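Below: the structure, in structure tokens.
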Amino acid sequence: MLFRSLRRLILILTNTFLAATTSQLAFAHDPISHALDSVFGNPDYHIDQAISHTQEAIAHGQVGHAHSLAHHSREALFNARAQYTCDQNPHIHDAVTHLKAAVKHGDMGHARVGVTHAKDALTHLDAAKN
């Protein structure tokens, strides 16, 4: 049990630091305490955050805000990837695929197509959580 928790912590820390250094994500909080909270506090933290950001992406995309859709999809993608490192559920893998597409289309200004992908991602995230 301890080994599994430590392994999970290492995976989350690695993913957190890689995402922070390879993307434009800015952490307003300490990434180490964030990782500890997600491991020992709330095991559903990342999937909850992914669902929340995906819902925000859909809301912004439906009113035509493609760049906000891309931003929230990117945040959801970060959290979905973090969840996938701990729980290799095929629904999370499919959600990651759709979130990547939502980010791509949002960056291109295609809000309607991005919303379609974000909705598909949300379906998979909900299925992974339940």
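Going by the structure tokens order, chains are called A, B, ..., each with residues numbered from 1, while ligands are numbered from 1 in the order shown.
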
Report task. Please provide as a VMD selection string all residues within 6 Å of A:Ala111, with the sequence filter that same-chain residues fewer than 3 positions apart are discarded (counting only C-alpha atoms). Result -> chain A and resid 61 64 66 106 114

For the selection just defined, write its residues with N, CA and C atoms to a file, as a JSON list (two decimals), in the first residue's frame.
[["chain", "number", "residue", "atom", "x", "y", "z"],
["A", 61, "GLY", "N", -17.15, 27.95, -25.27],
["A", 61, "GLY", "CA", -17.23, 27.62, -26.69],
["A", 61, "GLY", "C", -18.62, 27.82, -27.28],
["A", 64, "GLY", "N", -19.06, 31.19, -28.47],
["A", 64, "GLY", "CA", -18.12, 31.60, -29.50],
["A", 64, "GLY", "C", -16.74, 32.03, -29.03],
["A", 66, "ALA", "N", -13.59, 30.99, -28.62],
["A", 66, "ALA", "CA", -12.73, 29.87, -28.99],
["A", 66, "ALA", "C", -11.44, 29.83, -28.17],
["A", 106, "GLY", "N", -9.81, 25.06, -30.77],
["A", 106, "GLY", "CA", -9.97, 26.34, -30.08],
["A", 106, "GLY", "C", -8.88, 27.32, -30.46],
["A", 114, "GLY", "N", -14.64, 22.65, -31.52],
["A", 114, "GLY", "CA", -14.02, 22.46, -30.22],
["A", 114, "GLY", "C", -15.03, 22.04, -29.16]]

Requested in this report: Give the answer as one residue: which of A:Ala70, A:Ala127, A:Ala59, A:Ala50 has the shortest atom-to-atom distance to A:Val96, using only C-alpha atoms?
Outcome: A:Ala50

**Report entry** A:Arg74 environment, 8 Å, only C-alpha atoms, sequence neighbours closer than 5 positions dropped, as number ranges by chain
**Finding:** A: 99-100, 103
